[in-house]
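Content type mmCIF, N, CA and C atoms, from the file entry11.cif:
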data_target
loop_
_atom_site.label_atom_id
_atom_site.label_comp_id
_atom_site.auth_asym_id
_atom_site.auth_seq_id
_atom_site.Cartn_x
_atom_site.Cartn_y
_atom_site.Cartn_z
N MET A 1 17.45 225.35 64.65
CA MET A 1 17.86 225.00 65.98
C MET A 1 16.82 224.13 66.68
N VAL A 2 15.53 224.41 66.40
CA VAL A 2 14.46 223.64 67.01
C VAL A 2 14.53 222.18 66.56
N GLN A 3 14.82 221.97 65.28
CA GLN A 3 14.91 220.61 64.74
C GLN A 3 16.05 219.84 65.40
N LYS A 4 17.18 220.50 65.65
CA LYS A 4 18.32 219.85 66.30
C LYS A 4 17.96 219.43 67.72
N ASP A 5 17.25 220.31 68.46
CA ASP A 5 16.83 220.00 69.83
C ASP A 5 15.85 218.83 69.84
N ALA A 6 14.95 218.77 68.86
CA ALA A 6 13.98 217.67 68.78
C ALA A 6 14.70 216.34 68.53
N LYS A 7 15.71 216.35 67.65
CA LYS A 7 16.49 215.14 67.39
C LYS A 7 17.26 214.72 68.64
N SER A 8 17.81 215.69 69.36
CA SER A 8 18.55 215.41 70.58
C SER A 8 17.64 214.80 71.64
N GLN A 9 16.44 215.36 71.78
CA GLN A 9 15.48 214.83 72.75
C GLN A 9 15.05 213.41 72.38
N LYS A 10 14.82 213.18 71.10
CA LYS A 10 14.42 211.84 70.65
C LYS A 10 15.54 210.84 70.93
N PHE A 11 16.78 211.24 70.67
CA PHE A 11 17.92 210.37 70.93
C PHE A 11 18.00 210.03 72.41
N LYS A 12 17.83 211.04 73.28
CA LYS A 12 17.89 210.82 74.72
C LYS A 12 16.78 209.88 75.19
N ARG A 13 15.56 210.06 74.65
CA ARG A 13 14.44 209.18 75.01
C ARG A 13 14.73 207.74 74.61
N GLU A 14 15.22 207.55 73.38
CA GLU A 14 15.52 206.20 72.90
C GLU A 14 16.66 205.57 73.69
N ARG A 15 17.66 206.35 74.03
CA ARG A 15 18.78 205.83 74.82
C ARG A 15 18.30 205.41 76.21
N THR A 16 17.49 206.25 76.85
CA THR A 16 16.94 205.91 78.17
C THR A 16 16.09 204.66 78.08
N HIS A 17 15.27 204.56 77.04
CA HIS A 17 14.44 203.37 76.84
C HIS A 17 15.31 202.11 76.73
N THR A 18 16.38 202.19 75.98
CA THR A 18 17.28 201.05 75.80
C THR A 18 17.92 200.65 77.13
N ILE A 19 18.35 201.62 77.90
CA ILE A 19 19.03 201.35 79.18
C ILE A 19 18.06 200.82 80.23
N GLU A 20 16.84 201.34 80.27
CA GLU A 20 15.88 201.00 81.31
C GLU A 20 14.89 199.90 80.94
N PHE A 21 14.90 199.42 79.71
CA PHE A 21 13.89 198.47 79.24
C PHE A 21 13.82 197.22 80.10
N HIS A 22 14.97 196.65 80.48
CA HIS A 22 14.96 195.40 81.24
C HIS A 22 14.29 195.57 82.60
N LYS A 23 14.43 196.73 83.22
CA LYS A 23 13.77 196.98 84.50
C LYS A 23 12.25 197.04 84.32
N TRP A 24 11.83 197.74 83.27
CA TRP A 24 10.40 197.86 82.98
C TRP A 24 9.80 196.49 82.70
N LEU A 25 10.48 195.68 81.87
CA LEU A 25 9.96 194.36 81.53
C LEU A 25 9.83 193.48 82.77
N LYS A 26 10.82 193.52 83.63
CA LYS A 26 10.78 192.71 84.86
C LYS A 26 9.59 193.11 85.73
N GLU A 27 9.33 194.40 85.89
CA GLU A 27 8.20 194.88 86.68
C GLU A 27 6.87 194.44 86.09
N VAL A 28 6.72 194.55 84.79
CA VAL A 28 5.46 194.19 84.13
C VAL A 28 5.20 192.69 84.22
N VAL A 29 6.22 191.89 83.99
CA VAL A 29 6.04 190.44 83.94
C VAL A 29 5.76 189.86 85.32
N GLN A 30 6.39 190.37 86.38
CA GLN A 30 6.19 189.77 87.69
C GLN A 30 4.78 190.00 88.23
N ASP A 31 4.04 190.96 87.70
CA ASP A 31 2.67 191.21 88.13
C ASP A 31 1.64 190.38 87.37
N LYS A 32 2.05 189.68 86.33
CA LYS A 32 1.13 188.91 85.49
C LYS A 32 1.15 187.44 85.90
N GLU A 33 0.02 186.75 85.68
CA GLU A 33 -0.07 185.34 86.04
C GLU A 33 0.18 184.41 84.86
N ASN A 34 -0.43 184.66 83.73
CA ASN A 34 -0.33 183.77 82.57
C ASN A 34 0.74 184.24 81.60
N ILE A 35 1.99 184.12 82.01
CA ILE A 35 3.13 184.55 81.19
C ILE A 35 3.82 183.31 80.66
N SER A 36 4.24 183.37 79.41
CA SER A 36 4.96 182.23 78.82
C SER A 36 6.31 182.05 79.52
N VAL A 37 6.82 180.82 79.47
CA VAL A 37 8.12 180.51 80.07
C VAL A 37 9.20 181.39 79.45
N GLU A 38 9.15 181.57 78.11
CA GLU A 38 10.16 182.36 77.42
C GLU A 38 10.19 183.80 77.90
N LEU A 39 9.00 184.42 78.00
CA LEU A 39 8.93 185.81 78.43
C LEU A 39 9.36 185.95 79.89
N SER A 40 8.98 185.00 80.71
CA SER A 40 9.39 185.02 82.12
C SER A 40 10.91 184.95 82.24
N CYS A 41 11.55 184.07 81.46
CA CYS A 41 13.01 183.93 81.49
C CYS A 41 13.70 185.20 81.00
N LEU A 42 13.19 185.77 79.91
CA LEU A 42 13.78 187.01 79.39
C LEU A 42 13.69 188.13 80.41
N ALA A 43 12.57 188.19 81.16
CA ALA A 43 12.40 189.24 82.17
C ALA A 43 13.39 189.08 83.32
N LYS A 44 13.76 187.86 83.65
CA LYS A 44 14.74 187.64 84.72
C LYS A 44 16.13 188.10 84.31
N GLY A 45 16.38 188.05 83.01
CA GLY A 45 17.71 188.40 82.51
C GLY A 45 18.57 187.16 82.39
N PRO A 46 19.63 187.22 81.62
CA PRO A 46 20.49 186.04 81.40
C PRO A 46 21.42 185.78 82.58
N LEU A 47 21.97 184.58 82.61
CA LEU A 47 23.03 184.28 83.56
C LEU A 47 24.24 185.14 83.19
N HIS A 48 25.13 185.36 84.11
CA HIS A 48 26.26 186.25 83.85
C HIS A 48 27.36 185.62 82.99
N ALA A 49 27.30 184.31 82.81
CA ALA A 49 28.30 183.64 81.98
C ALA A 49 27.64 183.22 80.66
N ALA A 50 28.36 183.35 79.57
CA ALA A 50 27.88 182.92 78.26
C ALA A 50 28.95 182.03 77.64
N LYS A 51 28.55 181.24 76.65
CA LYS A 51 29.50 180.34 75.98
C LYS A 51 29.80 180.88 74.59
N ARG A 52 31.04 180.76 74.18
CA ARG A 52 31.47 181.17 72.85
C ARG A 52 31.81 179.92 72.05
N PHE A 53 31.39 179.88 70.78
CA PHE A 53 31.63 178.74 69.92
C PHE A 53 32.27 179.18 68.62
N SER A 54 33.04 178.27 68.01
CA SER A 54 33.58 178.53 66.67
C SER A 54 32.69 177.88 65.61
N GLY A 55 31.79 177.02 66.04
CA GLY A 55 30.83 176.38 65.15
C GLY A 55 29.56 176.06 65.90
N TYR A 56 28.42 176.03 65.19
CA TYR A 56 27.14 175.78 65.84
C TYR A 56 26.19 175.22 64.80
N VAL A 57 25.34 174.27 65.21
CA VAL A 57 24.33 173.69 64.31
C VAL A 57 22.96 174.21 64.73
N VAL A 58 22.24 174.82 63.78
CA VAL A 58 20.90 175.34 64.03
C VAL A 58 19.96 174.75 62.98
N ASN A 59 18.93 174.06 63.43
CA ASN A 59 17.94 173.44 62.53
C ASN A 59 18.59 172.60 61.44
N GLY A 60 19.64 171.88 61.78
CA GLY A 60 20.32 171.01 60.83
C GLY A 60 21.34 171.71 59.94
N TYR A 61 21.52 173.01 60.10
CA TYR A 61 22.49 173.77 59.31
C TYR A 61 23.70 174.09 60.18
N ARG A 62 24.89 173.83 59.64
CA ARG A 62 26.13 174.08 60.37
C ARG A 62 26.66 175.46 60.01
N PHE A 63 27.03 176.21 61.03
CA PHE A 63 27.62 177.53 60.86
C PHE A 63 28.99 177.56 61.53
N HIS A 64 29.94 178.23 60.89
CA HIS A 64 31.28 178.42 61.46
C HIS A 64 31.59 179.91 61.51
N THR A 65 32.55 180.27 62.35
CA THR A 65 33.06 181.64 62.33
C THR A 65 34.08 181.75 61.19
N LYS A 66 34.37 182.98 60.77
CA LYS A 66 35.38 183.19 59.72
C LYS A 66 36.72 182.63 60.14
N ARG A 67 37.06 182.78 61.41
CA ARG A 67 38.35 182.30 61.91
C ARG A 67 38.47 180.78 61.75
N ARG A 68 37.40 180.05 62.06
CA ARG A 68 37.43 178.59 61.91
C ARG A 68 37.47 178.20 60.44
N ASP A 69 36.77 178.95 59.60
CA ASP A 69 36.76 178.64 58.16
C ASP A 69 38.14 178.74 57.52
N ARG A 70 39.02 179.54 58.08
CA ARG A 70 40.37 179.72 57.50
C ARG A 70 41.12 178.40 57.41
N ARG A 71 40.86 177.48 58.34
CA ARG A 71 41.60 176.22 58.34
C ARG A 71 40.77 175.05 57.78
N CYS A 72 39.62 175.35 57.18
CA CYS A 72 38.75 174.31 56.60
C CYS A 72 38.77 174.37 55.08
N THR A 73 38.44 173.24 54.46
CA THR A 73 38.34 173.21 53.00
C THR A 73 36.97 173.69 52.53
N THR A 74 35.95 173.62 53.38
CA THR A 74 34.63 174.15 53.05
C THR A 74 34.39 175.42 53.85
N GLN A 75 33.51 176.26 53.35
CA GLN A 75 33.22 177.54 54.00
C GLN A 75 31.78 177.54 54.50
N ASN A 76 31.59 177.74 55.80
CA ASN A 76 30.26 177.78 56.39
C ASN A 76 30.03 179.04 57.23
N SER A 77 30.77 180.10 56.95
CA SER A 77 30.61 181.32 57.74
C SER A 77 29.76 182.36 57.02
N GLY A 78 29.39 182.12 55.80
CA GLY A 78 28.59 183.08 55.05
C GLY A 78 27.13 183.04 55.44
N VAL A 79 26.52 184.21 55.54
CA VAL A 79 25.10 184.30 55.87
C VAL A 79 24.42 185.30 54.93
N PHE A 80 23.12 185.10 54.76
CA PHE A 80 22.31 186.00 53.95
C PHE A 80 21.02 186.26 54.70
N LEU A 81 20.60 187.51 54.74
CA LEU A 81 19.40 187.90 55.46
C LEU A 81 18.57 188.82 54.58
N THR A 82 17.27 188.55 54.50
CA THR A 82 16.36 189.47 53.83
C THR A 82 15.52 190.13 54.92
N ALA A 83 15.53 191.46 54.95
CA ALA A 83 14.82 192.20 55.99
C ALA A 83 13.89 193.21 55.36
N LEU A 84 12.70 193.35 55.94
CA LEU A 84 11.77 194.38 55.52
C LEU A 84 12.30 195.69 56.08
N THR A 85 12.70 196.61 55.21
CA THR A 85 13.41 197.81 55.61
C THR A 85 12.75 199.06 55.03
N THR A 86 12.71 200.12 55.83
CA THR A 86 12.22 201.41 55.36
C THR A 86 13.38 202.16 54.74
N SER A 87 13.21 202.61 53.50
CA SER A 87 14.28 203.32 52.80
C SER A 87 13.81 204.70 52.37
N PHE A 88 14.75 205.63 52.33
CA PHE A 88 14.48 206.99 51.88
C PHE A 88 15.37 207.28 50.68
N ALA A 89 14.85 208.05 49.72
CA ALA A 89 15.62 208.41 48.53
C ALA A 89 16.74 209.39 48.89
N SER A 90 16.47 210.27 49.87
CA SER A 90 17.47 211.25 50.31
C SER A 90 17.13 211.68 51.73
N ALA A 91 17.98 212.51 52.31
CA ALA A 91 17.75 213.00 53.67
C ALA A 91 16.50 213.88 53.76
N LYS A 92 16.13 214.50 52.66
CA LYS A 92 14.96 215.38 52.64
C LYS A 92 13.68 214.65 52.26
N ASP A 93 13.77 213.38 51.91
CA ASP A 93 12.61 212.60 51.47
C ASP A 93 11.62 212.41 52.61
N GLN A 94 10.35 212.72 52.37
CA GLN A 94 9.30 212.55 53.38
C GLN A 94 8.43 211.33 53.10
N ASN A 95 8.70 210.59 52.03
CA ASN A 95 7.89 209.44 51.64
C ASN A 95 8.75 208.17 51.63
N PRO A 96 8.89 207.53 52.78
CA PRO A 96 9.72 206.32 52.80
C PRO A 96 9.05 205.17 52.05
N ILE A 97 9.89 204.30 51.52
CA ILE A 97 9.42 203.12 50.81
C ILE A 97 9.82 201.90 51.64
N VAL A 98 8.86 201.01 51.86
CA VAL A 98 9.13 199.80 52.62
C VAL A 98 9.31 198.65 51.62
N GLY A 99 10.40 197.92 51.77
CA GLY A 99 10.65 196.81 50.86
C GLY A 99 11.70 195.86 51.42
N ASP A 100 11.82 194.71 50.79
CA ASP A 100 12.82 193.73 51.19
C ASP A 100 14.21 194.17 50.74
N VAL A 101 15.17 194.08 51.65
CA VAL A 101 16.55 194.40 51.34
C VAL A 101 17.40 193.20 51.75
N GLY A 102 18.27 192.75 50.86
CA GLY A 102 19.12 191.60 51.15
C GLY A 102 20.46 192.04 51.71
N TYR A 103 20.93 191.33 52.71
CA TYR A 103 22.22 191.60 53.33
C TYR A 103 23.07 190.34 53.28
N CYS A 104 24.32 190.47 52.87
CA CYS A 104 25.28 189.36 52.85
C CYS A 104 26.32 189.64 53.92
N GLY A 105 26.75 188.58 54.60
CA GLY A 105 27.74 188.79 55.64
C GLY A 105 28.50 187.53 55.97
N ALA A 106 29.36 187.65 56.95
CA ALA A 106 30.15 186.53 57.44
C ALA A 106 30.11 186.55 58.96
N ILE A 107 30.05 185.37 59.56
CA ILE A 107 29.95 185.24 61.01
C ILE A 107 31.31 185.48 61.64
N GLU A 108 31.36 186.43 62.55
CA GLU A 108 32.59 186.75 63.27
C GLU A 108 32.65 186.00 64.60
N ASP A 109 31.51 185.85 65.26
CA ASP A 109 31.48 185.25 66.58
C ASP A 109 30.13 184.58 66.81
N ILE A 110 30.10 183.50 67.60
CA ILE A 110 28.88 182.81 67.95
C ILE A 110 28.84 182.72 69.48
N ILE A 111 27.79 183.27 70.06
CA ILE A 111 27.67 183.31 71.52
C ILE A 111 26.32 182.72 71.92
N GLU A 112 26.36 181.83 72.92
CA GLU A 112 25.14 181.22 73.46
C GLU A 112 24.87 181.82 74.83
N VAL A 113 23.69 182.41 74.99
CA VAL A 113 23.29 183.04 76.24
C VAL A 113 22.23 182.16 76.90
N ASP A 114 22.44 181.83 78.17
CA ASP A 114 21.53 180.96 78.91
C ASP A 114 20.66 181.79 79.85
N TYR A 115 19.35 181.55 79.80
CA TYR A 115 18.40 182.20 80.68
C TYR A 115 17.89 181.18 81.69
N TRP A 116 18.69 180.94 82.73
CA TRP A 116 18.33 180.13 83.88
C TRP A 116 17.95 178.69 83.54
N GLY A 117 18.58 178.12 82.51
CA GLY A 117 18.34 176.73 82.15
C GLY A 117 17.00 176.49 81.48
N GLU A 118 16.21 177.52 81.31
CA GLU A 118 14.88 177.40 80.71
C GLU A 118 14.87 177.79 79.24
N LEU A 119 15.78 178.68 78.86
CA LEU A 119 15.79 179.23 77.51
C LEU A 119 17.23 179.52 77.12
N THR A 120 17.58 179.18 75.89
CA THR A 120 18.91 179.47 75.36
C THR A 120 18.75 180.28 74.08
N VAL A 121 19.52 181.34 73.97
CA VAL A 121 19.50 182.20 72.78
C VAL A 121 20.90 182.18 72.17
N VAL A 122 20.97 181.92 70.87
CA VAL A 122 22.25 181.91 70.16
C VAL A 122 22.36 183.20 69.36
N LEU A 123 23.45 183.92 69.56
CA LEU A 123 23.68 185.19 68.87
C LEU A 123 24.81 185.02 67.86
N PHE A 124 24.60 185.52 66.67
CA PHE A 124 25.62 185.51 65.63
C PHE A 124 26.07 186.95 65.41
N LYS A 125 27.32 187.24 65.73
CA LYS A 125 27.88 188.55 65.42
C LYS A 125 28.43 188.47 64.00
N CYS A 126 27.91 189.34 63.13
CA CYS A 126 28.27 189.26 61.72
C CYS A 126 28.89 190.55 61.22
N CYS A 127 29.72 190.41 60.23
CA CYS A 127 30.28 191.54 59.49
C CYS A 127 29.46 191.59 58.19
N TRP A 128 28.77 192.70 57.95
CA TRP A 128 27.88 192.79 56.79
C TRP A 128 28.58 193.48 55.63
N TYR A 129 28.28 193.03 54.42
CA TYR A 129 28.91 193.53 53.20
C TYR A 129 27.87 194.11 52.26
N LYS A 130 28.33 194.99 51.40
CA LYS A 130 27.44 195.60 50.41
C LYS A 130 27.22 194.63 49.26
N LYS A 131 25.95 194.49 48.87
CA LYS A 131 25.58 193.58 47.80
C LYS A 131 25.16 194.40 46.58
N GLY A 132 25.52 193.93 45.40
CA GLY A 132 25.14 194.61 44.17
C GLY A 132 24.92 193.60 43.05
N LYS A 133 24.67 194.10 41.84
CA LYS A 133 24.46 193.24 40.67
C LYS A 133 25.54 193.53 39.63
N GLU A 134 26.01 192.47 38.98
CA GLU A 134 26.94 192.63 37.87
C GLU A 134 26.14 192.92 36.61
N CYS A 135 26.84 193.24 35.54
CA CYS A 135 26.17 193.56 34.28
C CYS A 135 25.41 192.35 33.72
N TYR A 136 25.76 191.12 34.15
CA TYR A 136 25.08 189.90 33.69
C TYR A 136 23.95 189.50 34.62
N GLY A 137 23.65 190.31 35.64
CA GLY A 137 22.56 190.03 36.56
C GLY A 137 22.94 189.14 37.74
N LEU A 138 24.21 188.80 37.84
CA LEU A 138 24.67 187.97 38.96
C LEU A 138 24.89 188.83 40.20
N THR A 139 24.68 188.24 41.38
CA THR A 139 24.92 188.97 42.62
C THR A 139 26.40 189.11 42.88
N ARG A 140 26.81 190.31 43.26
CA ARG A 140 28.21 190.60 43.55
C ARG A 140 28.28 191.12 44.98
N VAL A 141 29.22 190.62 45.76
CA VAL A 141 29.39 191.07 47.14
C VAL A 141 30.75 191.74 47.25
N ASN A 142 30.75 192.98 47.75
CA ASN A 142 31.97 193.76 47.92
C ASN A 142 32.49 193.56 49.33
N PHE A 143 33.58 192.79 49.50
CA PHE A 143 34.14 192.50 50.82
C PHE A 143 35.03 193.62 51.34
N ASN A 144 35.25 194.66 50.56
CA ASN A 144 36.05 195.79 51.01
C ASN A 144 35.18 196.78 51.74
#
Transcribe the structure of this file into structure tokens.
Amino acid sequence: MVQKDAKSQKFKRERTHTIEFHKWLKEVVQDKENISVELSCLAKGPLHAAKRFSGYVVNGYRFHTKRRDRRCTTQNSGVFLTALTTSFASAKDQNPIVGDVGYCGAIEDIIEVDYWGELTVVLFKCCWYKKGKECYGLTRVNFN
């Protein structure tokens, strides 16, 4: 029972942190003098309107949403991400292993958030798929 209460308390702390973080950041940043433009803009929060796109070019690479790809002859909605991730062998494992894990996905939505004309952040909402290996060593992606 004690372990369940500890998990519940941790969840509540993390939830409160998530909800209140923007207020804390705004208070901390407004008291500082040498703050970067990016951090200052993030502390103010975004404008209330955002733009949605079916395609976007980032660093010379074109990305499309899955919906837009349906009517194209080429496919540009696929994404791959390698993330440093902590993994456990089981729920009872006390020795996590940190390593690179690859994720394959497809872009569902592209949203551009504006921070007062000073900073723009592009968000890619993705549907992630399980990746595995075939018997020949080729990468296999399970879209189900």
Please evaluate the PyMOL selection byres (((chain A and resi 51 and name CA) around 12) and name CA) against the structure above and give the resulting residues as an NGL selection string.
:A and (46-50 or 52-56 or 109-114 or 120-123)
Please report, as a Markdown table, each residue of segment 7-109 of chain A lying at most 7 Å from segment 127-137 of chain A, together with the nearest pair of atoms and the separation in Å rounded to one decimal; use all atoms listed in the file, and order rows by chain and ascending residue number.
| residue | atom | partner | partner_atom | distance |
| --- | --- | --- | --- | --- |
| A:Gly102 | C | A:Lys131 | CA | 6.6 |
| A:Tyr103 | C | A:Tyr129 | N | 6.0 |
| A:Cys104 | C | A:Tyr129 | N | 3.9 |
| A:Gly105 | CA | A:Cys127 | C | 4.2 |
| A:Ala106 | C | A:Cys127 | N | 4.1 |
| A:Ile107 | N | A:Cys127 | N | 5.1 |
| A:Glu108 | N | A:Cys127 | N | 4.9 |
Taking the file as I've supplied it (selection: the PyMOL selection byres (((chain A and resi 45 and name CA) around 12) and name CA)), which residues are included? Please answer as a PyMOL selection string.
chain A and resi 21-26+29+38-44+46-49+113-121
I'd like the interatomic distance between atom CA of Val141 of chain A and atom CA of Val101 of chain A, to a tenth of an Å.
13.9 Å
Write out as JSON, numbers by chain all residues of segment 18-76 of chain A that DSSP puts in alpha helix (DSSP H) for this structure's backbone.
{"A": [18, 19, 20, 21, 22, 23, 24, 25, 26, 27, 28, 29, 30, 37, 38, 39, 40, 41, 42, 43, 44, 66, 67, 68, 69]}
